[in-house]
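Okay, so here's the structure we're looking at.
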Amino acid sequence: MQREGWPFGRSFSSLPVVLVVGLLSLTAAAAAGGGIIRNPPHVPVFREAPAFRNGDSCGSPDRIQVAMTLDANYLRGTMAAVLSILQHSSCPENVVFHFLWARLEPDIFSSINSTFPYLNFKVYRFHANRVRAKISKSIRQALDQPLNYARIYMADIIPTEVKRVIYLDSDLVVVDDIAKLWGVDLGDKVLAAPEYCNADFTNYFTEAFWSDPGMAQTFRGKQPCYFNTGVMVVDVDKWRQGGYTRKVEDWMVVQKHKRIYHLGSLPPFLLVLAGNIKPVDHRWNQHGLGGDNIEGKCRSLHPGPISLLHWSGKGKPWLRLDSRKPCINVDHLWAPYDLYRSSKHVFEE
């Protein structure tokens, strides 16, 4: 299998000469108005995070592989998520981050380096053209961005020696030791995530889906439950061997011809894997804190223990805090991880 992209490590000095020259040339061309790279109009400036070190009990490193996407619009969330993972990890130096980005933005790369000087990370190119023609318009424009679909292709992008990853969205914070999530026993399953079997599963698909006799048999013999794809433990080796990328893509092709769902990248995951995943304790995805996908109204926390807070939905905590209209019950839980240098939250005033 041909590998996608080009992995970047700690600094440009570690790159092959040809890549360094290419990066400098592209950056210069963009600065001269060549338009080859479309740098974001404003990349936030972040405070440097503390250095988190392993304790004596860590022993030989058992690498915890975490995959996330990189996007200028969500960079503030990504920085907070990374900080939360390191801060609560018993062995933070054992965590390796794999970032997927859709276009080269050197300012973002430099921002990660300066904010987390000791971070163990690599960055990989996700070719948006691979998925762009397969995306159908959903109920919210943000769900239609190609990078939102990168999770489908991460097994093809990250190195083959990586056998398992934790995939995380950028709008969350981890408030527990991520090693506990990493230690989930997948058994013979390709994916583990919290399941929500009380949700009305039929609502995730249209009448066109359920009225089609062939499609309606998709979940025959299974007990399908909703799961959120923003927090997943994935056996990427099994994913590759089982051809799951193609299976998910096949449903996206069906959607292009016959509208069978309204959301973005979630429903094809459900069509392929619902009813056949390893369930994880709900504490690992307290999701929906961003409200619904239309208005993003405030929601309260669900009862029970919490290991991960997830602002899925339209409302993002950094935007609500900046607008001085935070959701008091939940956004103050994200604020302590905000490394944005210019931020002064309403809670501090």
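Chain labels follow the order of the structure tokens: the first chain is A, the next B, and so on; residue numbering restarts at 1 in every chain, and ligands are counted from 1 in their shown order.
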
If you count only C-alpha atoms, which residues fall within 9 Å of A:Gly313, apart from same-chain ones fewer than 6 positions away, as number ranges by chain?
A: 287-296

A:Val175: which residues within 10 Å, counting only C-alpha atoms, same-chain residues fewer than 2 positions away excluded, as a ChimeraX atom specification?
/A:81,84-89,172-173,177-178,284,306-309,333

DSSP-assigned alpha helix (DSSP H) among stretch 23-180 of chain A, expressed as a PyMOL selection string
chain A and resi 23-31+75-88+106-115+129-132+150-157+178-180

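Closest approach to A:Tyr149 among A:Asp176, A:Asp322, A:Asp200, A:Asp169: A:Asp169, based on only C-alpha atoms.
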
In Å, how far is it from atom CA of A:Val248 to atom CA of A:Ile152?
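Atom CA of A:Ile152 lies 7.4 Å from atom CA of A:Val248.
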
Of the listed residues A:Asp331, A:Asp171, A:Asp107, A:Asp62, that which approaches A:Gly183 most closely, counting only C-alpha atoms
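Checking each candidate against A:Gly183, we get A:Asp62 as the closest.
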
In Å, with one decimal, what is the gap from atom CA of A:Leu75 to atom CA of A:Lys122?
15.7 Å

Proximity to A:Ala150 - best of A:Ala179, A:Ala274, A:Leu100, A:Met79, only C-alpha atoms:
A:Leu100

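What separates atom CA of A:Lys163 from atom CA of A:Val236 is a distance of 5.4 Å.
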
Using only C-alpha atoms, which protein or nucleic acid residues come within 12 Å of A:Met252? Drop anything in the same chain fewer than 2 positions from it, and give the result as a VMD selection string.
chain A and resid 131 to 137 149 152 245 to 250 254 to 272

Taking the chain letters and numbering used in this document, name the residues of stretch 23-224 of chain A that DSSP puts in strand (DSSP E), as number ranges by chain.
A: 64-70, 95-101, 121-125, 164-168, 172-174, 191-196

Please produce an output containing C-alpha atoms for each residue in the selection, written as a PDB file, in the first residue's frame.
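What ended up in out.pdb:
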ATOM      1  CA  ILE A  64       0.492   5.855  23.610  1.00  0.00           C
ATOM      2  CA  GLN A  65      -0.342   6.941  20.075  1.00  0.00           C
ATOM      3  CA  VAL A  66      -2.819   9.829  19.750  1.00  0.00           C
ATOM      4  CA  ALA A  67      -4.122  11.055  16.374  1.00  0.00           C
ATOM      5  CA  MET A  68      -5.740  14.472  15.842  1.00  0.00           C
ATOM      6  CA  THR A  69      -6.332  16.861  12.963  1.00  0.00           C
ATOM      7  CA  LEU A  70      -4.691  20.274  12.606  1.00  0.00           C
ATOM      8  CA  VAL A  95       2.489  10.015  24.544  1.00  0.00           C
ATOM      9  CA  VAL A  96       3.139  10.414  20.810  1.00  0.00           C
ATOM     10  CA  PHE A  97       0.926  12.745  18.782  1.00  0.00           C
ATOM     11  CA  HIS A  98       0.125  12.219  15.097  1.00  0.00           C
ATOM     12  CA  PHE A  99      -1.361  15.356  13.530  1.00  0.00           C
ATOM     13  CA  LEU A 100      -3.139  15.273  10.165  1.00  0.00           C
ATOM     14  CA  TRP A 101      -3.386  18.517   8.210  1.00  0.00           C
ATOM     15  CA  PHE A 121       4.836  14.594  17.569  1.00  0.00           C
ATOM     16  CA  LYS A 122       4.713  14.098  13.811  1.00  0.00           C
ATOM     17  CA  VAL A 123       2.629  15.870  11.192  1.00  0.00           C
ATOM     18  CA  TYR A 124       1.259  14.213   8.052  1.00  0.00           C
ATOM     19  CA  ARG A 125      -0.352  15.568   4.919  1.00  0.00           C
ATOM     20  CA  ARG A 164      -3.270   1.208  17.464  1.00  0.00           C
ATOM     21  CA  VAL A 165      -4.249   4.845  17.957  1.00  0.00           C
ATOM     22  CA  ILE A 166      -6.590   6.928  20.049  1.00  0.00           C
ATOM     23  CA  TYR A 167      -8.351   9.346  17.712  1.00  0.00           C
ATOM     24  CA  LEU A 168      -9.505  12.578  19.360  1.00  0.00           C
ATOM     25  CA  LEU A 172     -12.301  18.359  23.978  1.00  0.00           C
ATOM     26  CA  VAL A 173     -10.175  18.128  27.113  1.00  0.00           C
ATOM     27  CA  VAL A 174      -9.038  15.001  28.925  1.00  0.00           C
ATOM     28  CA  LEU A 191     -12.799   0.022  17.224  1.00  0.00           C
ATOM     29  CA  ALA A 192     -13.727   0.921  20.798  1.00  0.00           C
ATOM     30  CA  ALA A 193     -15.833   3.898  21.894  1.00  0.00           C
ATOM     31  CA  PRO A 194     -18.603   4.761  24.338  1.00  0.00           C
ATOM     32  CA  GLU A 195     -21.947   3.498  23.030  1.00  0.00           C
ATOM     33  CA  TYR A 196     -25.254   5.263  23.608  1.00  0.00           C
TER      34      TYR A 196
END

Tell me which of A:Leu83, A:Leu319, A:Ala155, A:Cys298 sits closest to A:Gly242, counting only C-alpha atoms.
A:Ala155

Pick from A:Arg151, A:Lys316, A:Lys278, A:Lys222, whichever lies nearest to A:Tyr244 using only C-alpha atoms
A:Arg151

Fewer than 3 positions away in the same chain doesn't count, so skip those; otherwise give me all residues within 9 Å of A:Arg53, counting only C-alpha atoms, as a PyMOL selection string.
chain A and resi 86+90-93
